[in-house]
Structures are given as structure tokens and as C-alpha cells.
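Data block below; observations after.
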4 protein chains.
Amino acid sequence: MEYGKIFIKVYHIIKDECTQGSVADYIPELTRVNPDSFGVHLTTVESEHFSFRDSEVKFSIQSISKVLALTLAYEMEGESLWKRVGVEPSGTPFNSLIQLEYESGIPRNPLINAGALVICDILVSRLRNAKNDFLEFLRKTSGIHDIHYDADITQSEKSTGFRNMALVHLMKSYGNIHNDIEEVVDLYFHMCSIKMNCRELASSFLFLANYGVNPHNGERIINISKSKRINAIMQLCGFYDEAGEFGFRVGLPGKSGVGGGIVAVYPGKYSITVWSPRLNRKGNSHMGIHFLEKFTTETQTSIF
Amino acid sequence: MEYGKIFIKVYHIIKDECTQGSVADYIPELTRVNPDSFGVHLTTVESEHFSFRDSEVKFSIQSISKVLALTLAYEMEGESLWKRVGVEPSGTPFNSLIQLEYESGIPRNPLINAGALVICDILVSRLRNAKNDFLEFLRKTSGIHDIHYDADITQSEKSTGFRNMALVHLMKSYGNIHNDIEEVVDLYFHMCSIKMNCRELASSFLFLANYGVNPHNGERIINISKSKRINAIMQLCGFYDEAGEFGFRVGLPGKSGVGGGIVAVYPGKYSITVWSPRLNRKGNSHMGIHFLEKFTTETQTSIF
Amino acid sequence: MEYGKIFIKVYHIIKDECTQGSVADYIPELTRVNPDSFGVHLTTVESEHFSFRDSEVKFSIQSISKVLALTLAYEMEGESLWKRVGVEPSGTPFNSLIQLEYESGIPRNPLINAGALVICDILVSRLRNAKNDFLEFLRKTSGIHDIHYDADITQSEKSTGFRNMALVHLMKSYGNIHNDIEEVVDLYFHMCSIKMNCRELASSFLFLANYGVNPHNGERIINISKSKRINAIMQLCGFYDEAGEFGFRVGLPGKSGVGGGIVAVYPGKYSITVWSPRLNRKGNSHMGIHFLEKFTTETQTSIF
Amino acid sequence: MEYGKIFIKVYHIIKDECTQGSVADYIPELTRVNPDSFGVHLTTVESEHFSFRDSEVKFSIQSISKVLALTLAYEMEGESLWKRVGVEPSGTPFNSLIQLEYESGIPRNPLINAGALVICDILVSRLRNAKNDFLEFLRKTSGIHDIHYDADITQSEKSTGFRNMALVHLMKSYGNIHNDIEEVVDLYFHMCSIKMNCRELASSFLFLANYGVNPHNGERIINISKSKRINAIMQLCGFYDEAGEFGFRVGLPGKSGVGGGIVAVYPGKYSITVWSPRLNRKGNSHMGIHFLEKFTTETQTSIF
């Protein structure tokens, strides 16, 4: 299919909305971005590439890294992982701390902050050098070597991350954090600091569109069952309290980050990244969601 | 594909679990069923039929009817429907009343009780004779005339439905119920009382596997976009606080009822109903979920 | 002590605030009042009377009647009453339904709406003609015969009382309402409709300042222990989520109503009623609380 | 009044309950106590002393110190204190984190952990050497020099205090903690570690029974209005979610600690400390509450 032409068509339909929403500003590094940036990259499992506008500009992937951290932890830990974190949507953001209390320190899923902190705890337990090993894993899934942590973002996240510190201490009080808190949050804030461009991110997630195998080199990242389960978790939990809205409008499993990126996968066919840093009220890329909604309608590639 | 043989294979894998869980007993009518009943029926969009064991026994479909009520209301009301009910998962059951309060009487989605009551309110507003017209709609989607309300179940539901009465009054206090409460709950309790067998139920849902068209007669029930959106809502919200678990394990949009029925659809291919009245702790059919998990694995028909 | 002079002094200190706050308007009957009305009446256990301004104007006592309903139910039911309703403050108003769910249908205390509905249920069970017998009880505690239900207010309360209907149905679902819901809420809405003036209301509560005995005629209404316990409950729970603020600023047990009335008792000495219909954001009389704060400071009659 | 004889009489009434409840065991230091210890000391504002059994044994006062920290902070900060912490009861313990979220980091009152952490933050801001200055303040209110922090308890509290760390980080995320978190929690855990005996503790609180003046030496600790307000806060908030029960049964303002101590004050007359380390399900001394209930009934010294 000629995805590139559809990019142009869809972009023209929605481009009048390009000034809606606001760039995240809770750390200074996120504000140093052109708010009108817009990039798309789609990679098929047959290694076709389609790109549009700012697809080569690196941006902060933020929470999108949680899916890749989950993949690595799930591969090492297996199904016992689910004793420490659930697979259910989280409801309202307002509920995050309530639910941790009500459910005795077990986060609802691995893609909310509390769940990602448990995943980090598992990686710290399992890996010799978690920060380094996670970067290596990213390089393996994407086939791209030039992926790094951003020291400034890490530092800013740490200096404002009191709410995440509250979450990790609460889970520690329930026994669901096994390692030293400082080490766990250090990994967590590093993960959130990674910068990638649309093309790199689409490559990193392509194994989830290919039933667990990196199609670039045929290497299996994770087995087919786990690959499908990670997609199911993205579908249910990838957009905080807008998961339903995304599923309803876009119809693909995906994950967003407050840097304005969204990755989505169409199993058996492609992975796609859209980047547009202005966020809607729920903290997801305004243009990103609209673009994907029109794109999946035009291409009839919703999973539903 | 020879689905029938796979039914047998999967059933043998899981049959040792057939005594796990308990039949719903909050109304006497639900207890008058053989707890060891087990039926399956699959219908493809090419009108192939595959059945297994008790597929012709009628059972109380309960909450499964909420999807069909949503379909009818959505078709008449259009996208303005979503001003009165959301499309997000509901989180824990414990939250139901909290969220109605916190979100000013707007239920999280149309498949929880509060949301289905709003759907009933819309049907009462839109239809001349809502109870009768809803039955006619069911007959149209299924192609089966022999579908009725069960007066005993309706009566039992009404005499124990205090919690639903609390929900409807709370929403009325927020202005989100427009009609007389008695009329709305009368429709609601009638809907829950319908009895169908696995074959009939699979037929009723086949249009959702066929992008909105009833393949038996080519009649369009709802447009393709709405059909996909209803599937997305089932995926996110069809199993109360076990939606994630069902998506994770089965990988298909579906809806359960406390009568022990589960309907699931594989877009483009088939709809399937499993019925086994023993429920797990979350109120969903224990055997039904296990059967579908193994079945979608064997047939590789998860949407993910 | 010359309370009358202190009334004048305190009133002059606070009278510039007399336009702050708004009259309750959820039913039309409450708006048909002069918003600048202001009345006070204090009665001592030695039968001295001190009045100021609009002390003879009848107003809707609303929730103040809950204390007298509790007294009657407690006298008949004894300590087993506390199996069905707690004695703890309710926290935020936002919590009302949460807490009923979390605590399985047991309201936190008898002065919130849910608790008063349970008290009404007890009165319906215990009394031959609850509506009539409750009025007779009021006449006994106050020594005043001219006390009646207001039919217009009752009717208005019923036609807007959906939230109370939600509460009573939720409690019925937990088995904590034993009688027919219609009968219970009929008594409840009648109670809220009573009209009294400041003098009558101060007389009605004087037994709580006199350790359970009506000092007008020496008749014991309730024993000393129960009288003290009712005062403790008023102290902890009499002002919804402003109970702490009232205790902190006024330092007396008391109860407010949305009609703008406040009754407070100083054990061993006096009961006092202030009426001013403009309410603060928490739903309590703005001038009433300020007046009592200054009055207890001037007279050094806080219990603390 | 001959309080000593009443101690004996009341103790004999309740002594059969002396094995009910369990000693707190979340830190090892609290378990190193004779569970059957029982001590009482009452001091009147005329400097009479009445003691019973283990009144000279030092125990960990734990949360009781929060009232004295509040006194010191309130004296220095004045009414602006209440911008950072409320005066309302907290509702269920389950709600602690919910309410901090819902109310944007403002704790409900200064006697729950979150509120006491804000008080510690104020003391750190206001005092040159907060830990030292607080000890000096205790020595001043009690007239006793031999009061110290217990290093072992401090250390144990720190190593298990993850939940308090969660609270302080959450409040920091809302801007309601101004100082370095480590310094604030260091003061907090030190405060909880103080050991005193019944006589010392009764002396420390006597100013609250004497309208703000230490009757031993006539020194004013705090003005009369603030003294009454602190008593009101104890009445409403001194026993976590058993504040209503304590007010209802005992009828005095008071504060408990998990070390098994309870202090109560009867304004104008006396302060009393009871110590018995076995706790009820709500975390308050089982025998302590029963003793005070019978004692205030016998002596007719409830404030209600």
C-alpha cells in the first residue's frame, strides 16, 4: 500500500489543528522543542519504510520506554511477573494511589508509573548492570546503535519526581520493591530520558508487529504468546485514562509518551511512530491521536 | 479451518477444571441450571457453523444484551451518545459509585450497569415501545424469531436490584437520566432476562465480525466505523475488572454475562459463544475463558 | 450572665458580613425567605430566655431534626443501634457513597443523610405511626404544641431527592434497610420539612444541655449517658465536613441545617439557636457560625 | 475528689480484659515491653497527683508527641498554620493517601502522620536546631529535664517508615513540604521515639487543662484561644478513625500512641495518662480506653 501518499492526505485533513494543545513543561528539557514539530515513520514487517516531515528529529520518548522495559523483564521473569503487577486498566489517574493502597502495593499494570517502577525493580534484580543492559537491549530490538540516556533529562526528572518517589516508597512498604529505592528510581528516570527519532522508535517496536521476531535480522526477541500479550496490554493500558478513547478511535495497540510520541503496531503488518509535542488534556499527543485515527480509517488497518 | 476438531481437542485439555467455580445464585432462576453444562457455537462470516455439546440449550444471557442495546442506541443517537457515557475501562468494581460521583453522573462506559442504564434511558426516549422494539432488533440481528423476555427472571432481578436502583437515582440526581426511573429500569431488567442458546447468540453478534453487516441476509445493522468501535469497547470494557485478563489471555473482543455465557468476535472471520455456568471470582465463566484462551492459541486467531 | 447584651455586642462586630454567602436554592421553598434574616434565642437550664431580632420567625429546620430523630430511636433501640450506624466523622462529602460501599452499607454516623435514613428505618419499625409519633416526641421535648410538617417542602424534597434515594437503595442492597423504601423516605422527607423558630428550637434541645431531662417540667427524655453521647456525636459529626472547623472555632456540640439554622448546647448551662439563611461553601450558616464563635469567646463558654 | 480510690475501683471492673489486644510489633523496640503493664497518673491544675501501678515506667510515647509539636508550631506560626493543614477528622485510615491527592497535598489535620510531617516541616523552617529546641520545649511544658530521644527507636522507625516517606514525597510534589525531606523526616522519627512515664506525660499536657498556662510555675505556654483549639483538635482527630468512639465513650479530648499510651485532659480540672501496651484493632490501647470510659463515668467528668 502507498502509505506515503496517505500520510500527505491525512496530514492535510488535520493540519488546522496543529496549534491545539500544549507542550509538557514540568521539566525544562521538554520545553526546548519546536511545538509545531510533526513527524511520522512507518516500517512494515517486509522492511518497507515510509516517512513524513520531522521523522529524523530525536525527541524524548519518555513513557514509551516502559513497553521495552516490560519486554525485557517479561522475557527474563516469565509468567511469575504477574504476581507483582496486574494486567488491568488503571481507571482514572486520580486513582493511582488509591488502587495501590486498596490492592496492597500491586500496581494495576506495567505501563503506569507504579508498574514501571516494579519492572525496574525486577530488572535491577535480574541484570548485572541494569542501565547498561537495558540500552543494549534497545539496540538489539531496533538494530540501531546510536541510542543513549540524556543526562540533563534524567537529572530534571529526579529533581521533580516526588510523586514517583511517593509511589515507590508506598510499594516498598508493601514489600513489592526488593532493591534499594535509589537504584530502582535511578534506572526508572534514566529510561524516561532516552531520545530517539520516529524511524528508530518504529524499528524498536517492529518485533511486536512481527509476533516477537525482529524482521531485520530474524532474531527472536520474545515468543509469540508473550508478544501478543504485550500488545494486549498496550491496547488496554497504553494511554492512561484515554486507553478506551485511543482504542475506540484508532483501533491499534499503542503507547504514548509526554514528549509527544506515540508508537502503534498493526500485528502482521507494520509499526508506526507519530511525533507531535503538543499534548491534549489527558497528556497524549493531540495531533498524534488525530493523525492515527484518520490513518487507520483510510487504510482500514484497525484490528477491530 | 476444522474448528470442530479443535473444540474437541481444547475441551479435553481443560475438562478437568469443569468443577471449578460456582453458579451465580443472587436470583433463584440462575441456580436452576445444570452447573456442568458446557456448550460452544462458532459461526463464520461465510455461514459455516460449528457446535459442541450443549450448544442448543437456552440460558440467561444477562449482561451480554448490553452490547446489543448499545448497538441500537448508537445507531439512533450517533456520536452524541458519548456525551452521556464514556468509552474508558471502569477499573475496580469497588469504584463504580465513586466514579459516578467523581465524574458527575457520567458512567465510564456503556457495558457497566450504570452505562447500560443510560443506554436504556436513550432507548426509552427514542423508541415508541422500547421493550418491544428491542426484541425486534434482536430478531433482526440474529435472524431468529424465537427470542423472548423471561418474566420470572425479570421479576427476580427487580426484587433484588437495589444496587442498580442506587445507580439510576444517583445519575438522575446529576441529570443523566431523562425519563421516569421506573420505565428505565423496567427495560433494563427485561433486557437482562433474555434467554438464548449458543447458536442464537453467535448469530446475533455475527454482524460485529462482519464490519456491521448481517452476513445471513446482507442487511447492514450499523456502519463499519461504529461496528469497529463497538468491538473496541468490548475489548476494553467487556469483562468488568477482568477486561485486561481476557484481552491478555484470549485476545478477542468479547462480552460475558453472569449466566455463564461469553460471546467473542474475530473481525473478518467469526463470532463464537461459549456457555458454562460456573463463574470465577470476578463473575465470568471459568471454563468459558479457559476454553477461549486455548482455542485462540490453537487457531492463532487472536487479534494481537 | 447578661447574654442579651453580649448578643448586641457580638452582632455589631460581625454585621458587616451579613451579605456573605447564599441562601439554599435546591428547592423553591427555601428561597422564599428574607436572606438578611437573623435571629437568636438562648434558653438556660434555669429557664431564663434571651432573644434577639428574628427569633420568632419560623424557618425550615431541615437536618437539625436528625438529632431529635436519633434521640427517639436511641431511647427505644438502646446500644444495639450502633450495629447499624457508626459514631465516626464522615470525612469529605465526596466520600459518602464510597464509605457506604467500603463499609458494606453501614453509615459512618446518624447525622449524615445515610445515617438518618437508617434512623428513620428504625423508627418505622418501632413506632405504630412514625410520622405522627415523631411529631408528638418533638412536642414533648420542646413543650410546644404548634409544630407541624410542611407539605410543600416535603413534596419538593421528594421530587429532587434522587441522591437520598440512591443512598437508601444502596443500603437496602446491603440489608441495612428493613422496611419498604417508600415508607422510610416518606418519614425522612417529612422530618426535614419541619418549621420552627429559634425559641422553639432552643427549647427542643434544652434536655441535651440538662443531662437528658427537660427542665421545663422535669421529665427525663433520655438517660444521662445517652444524653452525653448524643452531644459527643454532634461535636464530631454535626457539621458535615466542617465539624472540625466548628469545634475549633465555636467549641460546643451543635447541629446545622441548610435552612440556615444552628443549634448548639453548653452542657449544664444553656441551649442556643442562631438562624441566618445565607450559607457558606460547606452549606452551614455563614453568620451563624461567626456569631457563635464570637459569642463563646466573649462568654468563655466553650467546652474546651 | 479521691481519684486514687476510683482508680482501684475502675481497675477491678475492667481487669479481666487485661489480656485482650496485642502489643505493636512493627518495630522490635515496641515489643520489648511487658504486655501486661498498666499505669495511670492524674495531675490536677491545683498540683495534686494520683498514681496507680506502673505509672513510673517509661514507655514510647509515639504519636502523643504530635500534640506538643503542634503546640510549638502553632505558637510560632499563628493562624497561617491552617493554610497548610486542616482541622477536620480524617475519616477512614484507608483514605489517607486519597485525601492528600484529592485535597492537593493539604493533610486533613495535624495529628495524622501527614499533618505531623507538615508540622515538622514548619519547625525545621522556624527553629535553629529543631530537634534540640523541641526537646527543650517538652522540658518547659512538663517541668521535667530528663526527657530524651531514643536512638534505637529512631533508627527502627526510619528503616521501616516507607509509608511516611510516601506521604512526605506526595506532599512535596504538591509544594507543601518546604525543606529537605531528609531533615523533615529525621525530626519526625525522633519525635516518635521519645520515652516518658505516665506522670511525666500528664505534666506535659497539664497546660492544656489549664487554658494554656503551666500551673507548676505560672508560665504561659500558649494563649487561651489556641489552647482551646488544640483541645478541640484532639477531640475531633486524636484517635485516628476511632475519634468518634473515644468521644462517645470517654467524652474528653485526648491523644493516643501505638506504644499504648493515652493522654486526656478535662479542661479546668486535670490531665490524665493511662498506659497499657495491648492495642485494639484500631491501634489504640484497649485497656486505656476502657479505663477512661469507666473513669469519666464514675467521676462524671465528661465535657459533654
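Residue numbers start at 1 in each chain; chains themselves are named A, B, ... in the order of the C-alpha cells; ligands are numbered from 1 in the order shown.
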
Report task. May I have the residues of chain C within 9 Å of chain B, counting only C-alpha atoms, written as a list in words? Result ->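 On the chain C side, the interface is Phe94, Asn95, Leu97, Ile98, Glu101, Tyr102, Thr160, Gly161, Phe162, Arg163, Asn164, Met165, Ala166, Leu167, Val168, His169, Leu170, Met171, Lys172, Ser173 and Tyr174 of chain C.
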
Requested in this report: Please provide as a PyMOL selection string all residues within 12 Å of Val213 (chain D), with the sequence filter that same-chain residues fewer than 2 positions apart are discarded (counting only C-alpha atoms).
Outcome: chain D and resi 45+140-142+203-211+215-228+267-268

Residues just named, written with N, CA and C atoms as an mmCIF file, in the first residue's frame:
data_model
loop_
_atom_site.group_PDB
_atom_site.id
_atom_site.type_symbol
_atom_site.label_atom_id
_atom_site.label_comp_id
_atom_site.auth_asym_id
_atom_site.auth_seq_id
_atom_site.Cartn_x
_atom_site.Cartn_y
_atom_site.Cartn_z
ATOM 1 N N VAL D 45 -4.997 20.703 88.144
ATOM 2 C CA VAL D 45 -4.427 22.044 87.948
ATOM 3 C C VAL D 45 -4.029 22.666 89.290
ATOM 4 N N LYS D 140 10.117 22.340 79.056
ATOM 5 C CA LYS D 140 9.440 23.514 79.590
ATOM 6 C C LYS D 140 7.977 23.204 79.930
ATOM 7 N N THR D 141 7.286 22.520 79.028
ATOM 8 C CA THR D 141 5.859 22.266 79.309
ATOM 9 C C THR D 141 5.685 21.290 80.475
ATOM 10 N N SER D 142 6.652 20.386 80.647
ATOM 11 C CA SER D 142 6.492 19.361 81.677
ATOM 12 C C SER D 142 7.181 19.728 82.977
ATOM 13 N N SER D 203 2.076 15.658 83.253
ATOM 14 C CA SER D 203 2.604 17.002 83.497
ATOM 15 C C SER D 203 2.778 17.780 82.194
ATOM 16 N N SER D 204 3.251 17.110 81.166
ATOM 17 C CA SER D 204 3.488 17.781 79.889
ATOM 18 C C SER D 204 2.208 18.356 79.282
ATOM 19 N N PHE D 205 1.088 17.717 79.552
ATOM 20 C CA PHE D 205 -0.181 18.142 78.945
ATOM 21 C C PHE D 205 -1.019 19.015 79.878
ATOM 22 N N LEU D 206 -0.532 19.260 81.087
ATOM 23 C CA LEU D 206 -1.377 19.958 82.064
ATOM 24 C C LEU D 206 -1.751 21.368 81.609
ATOM 25 N N PHE D 207 -0.866 21.997 80.833
ATOM 26 C CA PHE D 207 -1.213 23.365 80.367
ATOM 27 C C PHE D 207 -2.481 23.372 79.514
ATOM 28 N N LEU D 208 -2.777 22.243 78.868
ATOM 29 C CA LEU D 208 -3.997 22.192 78.042
ATOM 30 C C LEU D 208 -5.254 22.027 78.900
ATOM 31 N N ALA D 209 -5.076 21.590 80.144
ATOM 32 C CA ALA D 209 -6.201 21.552 81.092
ATOM 33 C C ALA D 209 -6.307 22.870 81.848
ATOM 34 N N ASN D 210 -5.341 23.752 81.638
ATOM 35 C CA ASN D 210 -5.280 25.000 82.416
ATOM 36 C C ASN D 210 -5.265 26.211 81.483
ATOM 37 N N TYR D 211 -5.943 26.091 80.336
ATOM 38 C CA TYR D 211 -6.139 27.212 79.410
ATOM 39 C C TYR D 211 -4.818 27.825 78.944
ATOM 40 N N PRO D 215 0.610 25.221 85.225
ATOM 41 C CA PRO D 215 0.270 25.616 86.591
ATOM 42 C C PRO D 215 1.416 25.421 87.591
ATOM 43 N N HIS D 216 2.404 24.627 87.198
ATOM 44 C CA HIS D 216 3.545 24.415 88.108
ATOM 45 C C HIS D 216 4.259 25.728 88.382
ATOM 46 N N ASN D 217 4.428 26.545 87.344
ATOM 47 C CA ASN D 217 5.227 27.760 87.522
ATOM 48 C C ASN D 217 4.522 29.011 86.986
ATOM 49 N N GLY D 218 3.275 28.846 86.574
ATOM 50 C CA GLY D 218 2.534 30.021 86.099
ATOM 51 C C GLY D 218 2.953 30.513 84.726
ATOM 52 N N GLU D 219 3.820 29.797 84.054
ATOM 53 C CA GLU D 219 4.292 30.244 82.743
ATOM 54 C C GLU D 219 3.249 29.943 81.661
ATOM 55 N N ARG D 220 2.970 30.939 80.836
ATOM 56 C CA ARG D 220 2.019 30.709 79.755
ATOM 57 C C ARG D 220 2.736 30.028 78.586
ATOM 58 N N ILE D 221 2.208 28.897 78.162
ATOM 59 C CA ILE D 221 2.787 28.156 77.038
ATOM 60 C C ILE D 221 2.170 28.660 75.725
ATOM 61 N N ILE D 222 0.883 28.939 75.779
ATOM 62 C CA ILE D 222 0.130 29.320 74.580
ATOM 63 C C ILE D 222 -1.124 30.063 75.043
ATOM 64 N N ASN D 223 -1.702 30.932 74.204
ATOM 65 C CA ASN D 223 -2.837 31.707 74.728
ATOM 66 C C ASN D 223 -4.104 30.850 74.853
ATOM 67 N N ILE D 224 -5.080 31.401 75.536
ATOM 68 C CA ILE D 224 -6.257 30.594 75.891
ATOM 69 C C ILE D 224 -7.010 30.109 74.655
ATOM 70 N N SER D 225 -7.125 30.969 73.655
ATOM 71 C CA SER D 225 -7.857 30.585 72.458
ATOM 72 C C SER D 225 -7.172 29.418 71.754
ATOM 73 N N LYS D 226 -5.845 29.516 71.620
ATOM 74 C CA LYS D 226 -5.124 28.418 70.971
ATOM 75 C C LYS D 226 -5.193 27.142 71.799
ATOM 76 N N SER D 227 -5.141 27.287 73.107
ATOM 77 C CA SER D 227 -5.208 26.116 73.970
ATOM 78 C C SER D 227 -6.526 25.378 73.766
ATOM 79 N N LYS D 228 -7.613 26.139 73.709
ATOM 80 C CA LYS D 228 -8.918 25.509 73.482
ATOM 81 C C LYS D 228 -8.981 24.858 72.101
ATOM 82 N N PRO D 267 -10.749 20.073 80.780
ATOM 83 C CA PRO D 267 -10.400 21.484 80.898
ATOM 84 C C PRO D 267 -10.846 22.087 82.230
ATOM 85 N N GLY D 268 -9.919 22.795 82.868
ATOM 86 C CA GLY D 268 -10.208 23.430 84.150
ATOM 87 C C GLY D 268 -9.898 22.549 85.331
#

Enumerate, in order of chain and increasing residue number, the residues of region 90-209 of chain C with an atom no farther than 10 Å from region 249-261 of chain C, each with its shortest atom pair and distance in Å to one decimal, counting only C-alpha atoms, as a Markdown table.
| residue | atom | partner | partner_atom | distance |
| --- | --- | --- | --- | --- |
| C:Leu111 | CA | C:Lys255 | CA | 8.6 |
| C:Cys192 | CA | C:Gly257 | CA | 9.0 |
| C:Ser193 | CA | C:Gly259 | CA | 9.9 |
| C:Lys195 | CA | C:Gly259 | CA | 9.5 |
| C:Met196 | CA | C:Gly261 | CA | 9.8 |
| C:Asn197 | CA | C:Gly261 | CA | 9.2 |
| C:Cys198 | CA | C:Gly261 | CA | 8.1 |
| C:Leu201 | CA | C:Gly261 | CA | 9.2 |
| C:Phe205 | CA | C:Gly254 | CA | 9.9 |
| C:Leu208 | CA | C:Pro253 | CA | 9.9 |
| C:Ala209 | CA | C:Pro253 | CA | 9.9 |

Residue subset to file, keeping C-alpha atoms, as an mmCIF file, in the first residue's frame:
data_model
loop_
_atom_site.group_PDB
_atom_site.id
_atom_site.type_symbol
_atom_site.label_atom_id
_atom_site.label_comp_id
_atom_site.auth_asym_id
_atom_site.auth_seq_id
_atom_site.Cartn_x
_atom_site.Cartn_y
_atom_site.Cartn_z
ATOM 1 C CA LEU C 111 -26.258 12.784 61.337
ATOM 2 C CA CYS C 192 -36.695 17.650 57.007
ATOM 3 C CA SER C 193 -39.779 19.777 56.367
ATOM 4 C CA LYS C 195 -40.588 24.593 60.623
ATOM 5 C CA MET C 196 -39.736 26.077 63.984
ATOM 6 C CA ASN C 197 -38.457 29.409 65.273
ATOM 7 C CA CYS C 198 -35.293 29.995 67.275
ATOM 8 C CA LEU C 201 -35.719 25.019 68.640
ATOM 9 C CA PHE C 205 -32.688 20.861 72.551
ATOM 10 C CA LEU C 208 -29.276 17.881 75.931
ATOM 11 C CA ALA C 209 -27.878 20.799 77.978
#

Query - Members of region 101-277 of chain B assigned strand (DSSP E) by DSSP, as a VMD selection string - result: chain B and resid 195 to 196 213 to 214 219 to 220 254 to 256 261 to 266 270 to 275

Using only C-alpha atoms, please write the residues we just selected to a file, as a tab-separated table (two decimals), in the first residue's frame.
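Saved result, result_25.tsv, follows:
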chain	number	residue	atom	x	y	z
B	195	LYS	CA	-32.70	-16.44	27.13
B	196	MET	CA	-30.83	-17.67	24.06
B	213	VAL	CA	-23.41	-6.28	8.07
B	214	ASN	CA	-25.54	-9.30	8.92
B	219	GLU	CA	-28.50	-6.29	5.77
B	220	ARG	CA	-26.37	-3.54	7.30
B	254	GLY	CA	-15.96	-10.14	23.87
B	255	LYS	CA	-18.68	-9.83	26.47
B	256	SER	CA	-19.64	-12.03	29.38
B	261	GLY	CA	-22.19	-17.09	28.61
B	262	ILE	CA	-19.33	-15.41	26.73
B	263	VAL	CA	-19.54	-14.09	23.18
B	264	ALA	CA	-16.36	-13.14	21.32
B	265	VAL	CA	-15.78	-11.95	17.77
B	266	TYR	CA	-12.79	-12.30	15.47
B	270	TYR	CA	-16.22	-15.49	13.05
B	271	SER	CA	-18.28	-14.99	16.16
B	272	ILE	CA	-18.23	-17.60	18.92
B	273	THR	CA	-20.31	-18.27	22.03
B	274	VAL	CA	-19.21	-20.45	24.93
B	275	TRP	CA	-21.52	-21.26	27.78

**Report entry** Close residues, Lys5 (chain B) itself excluded, 12 Å, only C-alpha atoms, min 2 positions apart in chain, as a list in words
**Finding:**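 The filter keeps Met1, Glu2, Tyr3, Phe7, Ile8, Lys9, Val10, Tyr11, His12, Phe50, Ser51, Phe52, Phe295, Glu298 and Thr299 of chain B.
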
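When CA of Ile177 (chain B) is paired with CA of Met191 (chain C), their separation reads 27.4 Å.
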
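With only C-alpha atoms as the atoms that count, the residue of B:Phe246, B:Phe137, B:Phe189, B:Phe239 with the shortest distance to Ala73 (chain B) is B:Phe137.
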
Report task. Find the residues near Ser37 (chain D): any atom within 8 Å, counting only C-alpha atoms, skip ones fewer than 4 places away on the same chain, and give them as a list in words. Result ->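 The filter keeps Val33, Asp54, Trp275, Ser276 and Pro277 of chain D.
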